[in-house]
Amino acid sequence: MTNTEQIFLRFPQVIKKTKFSKSTINRREKVGKFPQRIKWGSIVFWNSYEIEKFMKDPNGYKVGGKK
């Protein structure tokens, strides 16, 4: 995604994009090394902008901050 339009990604889309397993995503999110999910009722999704930011530097990503 190269444009600035933000969309919401569901779990299967995030797994496909990052190539991480569900457990890896959960583990990294818990320690602040993966974008935080957004919950709306029983629906879980991620902001595409945050996933793109994460993909630029997966090992250096930290939630809410800089490297």
# chains A, B, ... in the order shown; residues from 1 in each chain; ligands from 1

call {"tool": "residues_around", "arguments": {"residues": "Pro35 (chain A)", "least_positions_apart": "5", "cutoff": "7 Å", "atoms": "only C-alpha atoms", "output": "ChimeraX atom specification"}}
result
/A:29,50-51,63

call {"tool": "residues_around", "arguments": {"residues": "Arg37 (chain A)", "least_positions_apart": "6", "cutoff": "7 Å", "atoms": "only C-alpha atoms", "output": "list in words"}}
result
Val44, Phe45 and Trp46 of chain A

call {"tool": "atom_distance", "arguments": {"atom1": "CA of Pro58 (chain A)", "atom2": "CA of Thr24 (chain A)"}}
result
12.3 Å

call {"tool": "select_by_dssp", "arguments": {"residues": "chain A", "states": "helix (DSSP H, G or I)", "output": "list in words"}}
result
Phe11, Pro12, Gln13, Val14, Ile15, Lys16, Lys17, Thr18, Lys22, Ser23, Thr24, Ile25, Asn26, Arg27, Arg28, Glu29, Lys30, Ser48, Tyr49, Glu50, Ile51, Glu52, Lys53, Phe54, Met55 and Lys56 of chain A

call {"tool": "write_last_selection", "arguments": {"atoms": "N, CA and C atoms", "output": "tab-separated table (two decimals), in the first residue's frame"}}
result
chain	number	residue	atom	x	y	z
A	11	PHE	N	-7.64	-9.97	11.17
A	11	PHE	CA	-6.54	-10.87	11.52
A	11	PHE	C	-5.97	-11.63	10.32
A	12	PRO	N	-6.81	-12.28	9.47
A	12	PRO	CA	-6.24	-13.02	8.33
A	12	PRO	C	-5.43	-12.13	7.38
A	13	GLN	N	-5.86	-10.89	7.20
A	13	GLN	CA	-5.14	-9.96	6.33
A	13	GLN	C	-3.80	-9.56	6.95
A	14	VAL	N	-3.77	-9.37	8.27
A	14	VAL	CA	-2.53	-9.01	8.96
A	14	VAL	C	-1.55	-10.18	8.91
A	15	ILE	N	-2.04	-11.39	9.11
A	15	ILE	CA	-1.20	-12.59	9.03
A	15	ILE	C	-0.59	-12.72	7.63
A	16	LYS	N	-1.41	-12.52	6.61
A	16	LYS	CA	-0.93	-12.62	5.23
A	16	LYS	C	0.12	-11.54	4.92
A	17	LYS	N	-0.12	-10.35	5.39
A	17	LYS	CA	0.78	-9.22	5.11
A	17	LYS	C	2.11	-9.35	5.85
A	18	THR	N	2.06	-9.76	7.12
A	18	THR	CA	3.27	-9.81	7.94
A	18	THR	C	3.98	-11.16	7.85
A	22	LYS	N	-0.51	-16.25	14.25
A	22	LYS	CA	-1.39	-15.57	15.19
A	22	LYS	C	-0.70	-15.45	16.56
A	23	SER	N	-0.01	-16.53	16.99
A	23	SER	CA	0.66	-16.47	18.30
A	23	SER	C	1.80	-15.48	18.32
A	24	THR	N	2.54	-15.38	17.22
A	24	THR	CA	3.64	-14.41	17.15
A	24	THR	C	3.10	-12.99	17.23
A	25	ILE	N	2.03	-12.72	16.52
A	25	ILE	CA	1.41	-11.40	16.56
A	25	ILE	C	0.96	-11.09	18.00
A	26	ASN	N	0.29	-12.04	18.63
A	26	ASN	CA	-0.19	-11.83	20.01
A	26	ASN	C	0.97	-11.59	20.96
A	27	ARG	N	2.03	-12.37	20.84
A	27	ARG	CA	3.20	-12.24	21.72
A	27	ARG	C	3.89	-10.90	21.53
A	28	ARG	N	4.12	-10.51	20.27
A	28	ARG	CA	4.80	-9.23	20.00
A	28	ARG	C	3.93	-8.05	20.43
A	29	GLU	N	2.63	-8.16	20.21
A	29	GLU	CA	1.72	-7.09	20.62
A	29	GLU	C	1.75	-6.91	22.14
A	30	LYS	N	1.81	-8.00	22.86
A	30	LYS	CA	1.80	-7.96	24.32
A	30	LYS	C	3.01	-7.21	24.89
A	48	SER	N	-4.28	0.02	9.00
A	48	SER	CA	-3.32	-0.32	7.95
A	48	SER	C	-2.07	0.56	8.01
A	49	TYR	N	-2.23	1.81	8.41
A	49	TYR	CA	-1.08	2.71	8.52
A	49	TYR	C	-0.07	2.18	9.53
A	50	GLU	N	-0.56	1.70	10.68
A	50	GLU	CA	0.32	1.17	11.71
A	50	GLU	C	1.01	-0.11	11.25
A	51	ILE	N	0.30	-0.94	10.51
A	51	ILE	CA	0.90	-2.18	9.98
A	51	ILE	C	1.99	-1.83	8.97
A	52	GLU	N	1.74	-0.85	8.12
A	52	GLU	CA	2.75	-0.42	7.14
A	52	GLU	C	3.99	0.13	7.85
A	53	LYS	N	3.77	0.91	8.89
A	53	LYS	CA	4.87	1.47	9.67
A	53	LYS	C	5.68	0.33	10.31
A	54	PHE	N	4.98	-0.65	10.83
A	54	PHE	CA	5.64	-1.82	11.41
A	54	PHE	C	6.47	-2.56	10.35
A	55	MET	N	5.91	-2.74	9.16
A	55	MET	CA	6.57	-3.50	8.10
A	55	MET	C	7.87	-2.85	7.63
A	56	LYS	N	7.98	-1.53	7.79
A	56	LYS	CA	9.21	-0.84	7.38
A	56	LYS	C	10.40	-1.24	8.25

call {"tool": "select_by_dssp", "arguments": {"residues": "chain A", "states": "strand (DSSP E)", "output": "PDB file with N, CA and C atoms, in the first residue's frame"}}
result
ATOM      1  N   PHE A   8      -8.916  -0.658   7.566  1.00  0.00           N
ATOM      2  CA  PHE A   8      -8.815  -1.567   8.695  1.00  0.00           C
ATOM      3  C   PHE A   8      -8.571  -2.969   8.176  1.00  0.00           C
ATOM      4  N   LEU A   9      -7.616  -3.650   8.799  1.00  0.00           N
ATOM      5  CA  LEU A   9      -7.260  -4.997   8.397  1.00  0.00           C
ATOM      6  C   LEU A   9      -7.704  -5.978   9.480  1.00  0.00           C
ATOM      7  N   ARG A  10      -8.301  -7.082   9.050  1.00  0.00           N
ATOM      8  CA  ARG A  10      -8.693  -8.134   9.978  1.00  0.00           C
ATOM      9  C   ARG A  10      -7.517  -9.086  10.189  1.00  0.00           C
ATOM     10  N   ILE A  38      -7.428  -2.991  17.489  1.00  0.00           N
ATOM     11  CA  ILE A  38      -8.582  -2.161  17.845  1.00  0.00           C
ATOM     12  C   ILE A  38      -9.753  -3.120  17.980  1.00  0.00           C
ATOM     13  N   LYS A  39     -10.479  -3.003  19.070  1.00  0.00           N
ATOM     14  CA  LYS A  39     -11.635  -3.874  19.281  1.00  0.00           C
ATOM     15  C   LYS A  39     -12.900  -3.055  19.161  1.00  0.00           C
ATOM     16  N   TRP A  40     -13.852  -3.617  18.450  1.00  0.00           N
ATOM     17  CA  TRP A  40     -15.170  -3.008  18.329  1.00  0.00           C
ATOM     18  C   TRP A  40     -16.177  -4.125  18.535  1.00  0.00           C
ATOM     19  N   ILE A  43     -15.348  -7.678  17.214  1.00  0.00           N
ATOM     20  CA  ILE A  43     -14.528  -7.543  16.008  1.00  0.00           C
ATOM     21  C   ILE A  43     -13.160  -6.977  16.371  1.00  0.00           C
ATOM     22  N   VAL A  44     -12.128  -7.589  15.811  1.00  0.00           N
ATOM     23  CA  VAL A  44     -10.757  -7.151  16.055  1.00  0.00           C
ATOM     24  C   VAL A  44     -10.145  -6.752  14.716  1.00  0.00           C
ATOM     25  N   PHE A  45      -9.478  -5.605  14.691  1.00  0.00           N
ATOM     26  CA  PHE A  45      -8.827  -5.170  13.459  1.00  0.00           C
ATOM     27  C   PHE A  45      -7.651  -4.270  13.780  1.00  0.00           C
ATOM     28  N   TRP A  46      -6.849  -3.985  12.763  1.00  0.00           N
ATOM     29  CA  TRP A  46      -5.677  -3.124  12.895  1.00  0.00           C
ATOM     30  C   TRP A  46      -5.757  -2.015  11.865  1.00  0.00           C
ATOM     31  N   ASN A  47      -5.176  -0.886  12.202  1.00  0.00           N
ATOM     32  CA  ASN A  47      -5.081   0.237  11.292  1.00  0.00           C
ATOM     33  C   ASN A  47      -3.978  -0.075  10.270  1.00  0.00           C
TER      34      ASN A  47
END

call {"tool": "decode", "arguments": {"residues": "region 11-25 of chain A", "atoms": "N, CA and C atoms", "output": "mmCIF file, in the first residue's frame"}}
result
data_model
loop_
_atom_site.group_PDB
_atom_site.id
_atom_site.type_symbol
_atom_site.label_atom_id
_atom_site.label_comp_id
_atom_site.auth_asym_id
_atom_site.auth_seq_id
_atom_site.Cartn_x
_atom_site.Cartn_y
_atom_site.Cartn_z
ATOM 1 N N PHE A 11 -7.639 -9.970 11.167
ATOM 2 C CA PHE A 11 -6.543 -10.871 11.518
ATOM 3 C C PHE A 11 -5.972 -11.634 10.315
ATOM 4 N N PRO A 12 -6.806 -12.281 9.475
ATOM 5 C CA PRO A 12 -6.238 -13.019 8.333
ATOM 6 C C PRO A 12 -5.426 -12.125 7.383
ATOM 7 N N GLN A 13 -5.858 -10.887 7.200
ATOM 8 C CA GLN A 13 -5.139 -9.958 6.334
ATOM 9 C C GLN A 13 -3.800 -9.560 6.948
ATOM 10 N N VAL A 14 -3.774 -9.374 8.273
ATOM 11 C CA VAL A 14 -2.533 -9.012 8.963
ATOM 12 C C VAL A 14 -1.550 -10.185 8.907
ATOM 13 N N ILE A 15 -2.041 -11.390 9.110
ATOM 14 C CA ILE A 15 -1.195 -12.589 9.028
ATOM 15 C C ILE A 15 -0.590 -12.716 7.630
ATOM 16 N N LYS A 16 -1.412 -12.517 6.612
ATOM 17 C CA LYS A 16 -0.933 -12.619 5.227
ATOM 18 C C LYS A 16 0.116 -11.542 4.919
ATOM 19 N N LYS A 17 -0.119 -10.345 5.389
ATOM 20 C CA LYS A 17 0.778 -9.220 5.106
ATOM 21 C C LYS A 17 2.112 -9.349 5.847
ATOM 22 N N THR A 18 2.064 -9.757 7.121
ATOM 23 C CA THR A 18 3.273 -9.810 7.939
ATOM 24 C C THR A 18 3.983 -11.156 7.854
ATOM 25 N N LYS A 19 3.259 -12.193 7.445
ATOM 26 C CA LYS A 19 3.771 -13.567 7.409
ATOM 27 C C LYS A 19 4.094 -14.085 8.819
ATOM 28 N N PHE A 20 3.451 -13.496 9.830
ATOM 29 C CA PHE A 20 3.594 -13.943 11.216
ATOM 30 C C PHE A 20 2.401 -14.823 11.566
ATOM 31 N N SER A 21 2.621 -15.753 12.481
ATOM 32 C CA SER A 21 1.512 -16.564 12.970
ATOM 33 C C SER A 21 0.680 -15.736 13.951
ATOM 34 N N LYS A 22 -0.508 -16.247 14.250
ATOM 35 C CA LYS A 22 -1.390 -15.575 15.194
ATOM 36 C C LYS A 22 -0.699 -15.446 16.560
ATOM 37 N N SER A 23 -0.015 -16.533 16.987
ATOM 38 C CA SER A 23 0.661 -16.473 18.296
ATOM 39 C C SER A 23 1.802 -15.480 18.317
ATOM 40 N N THR A 24 2.541 -15.377 17.215
ATOM 41 C CA THR A 24 3.644 -14.410 17.154
ATOM 42 C C THR A 24 3.105 -12.987 17.227
ATOM 43 N N ILE A 25 2.032 -12.723 16.524
ATOM 44 C CA ILE A 25 1.409 -11.397 16.565
ATOM 45 C C ILE A 25 0.964 -11.089 17.995
#
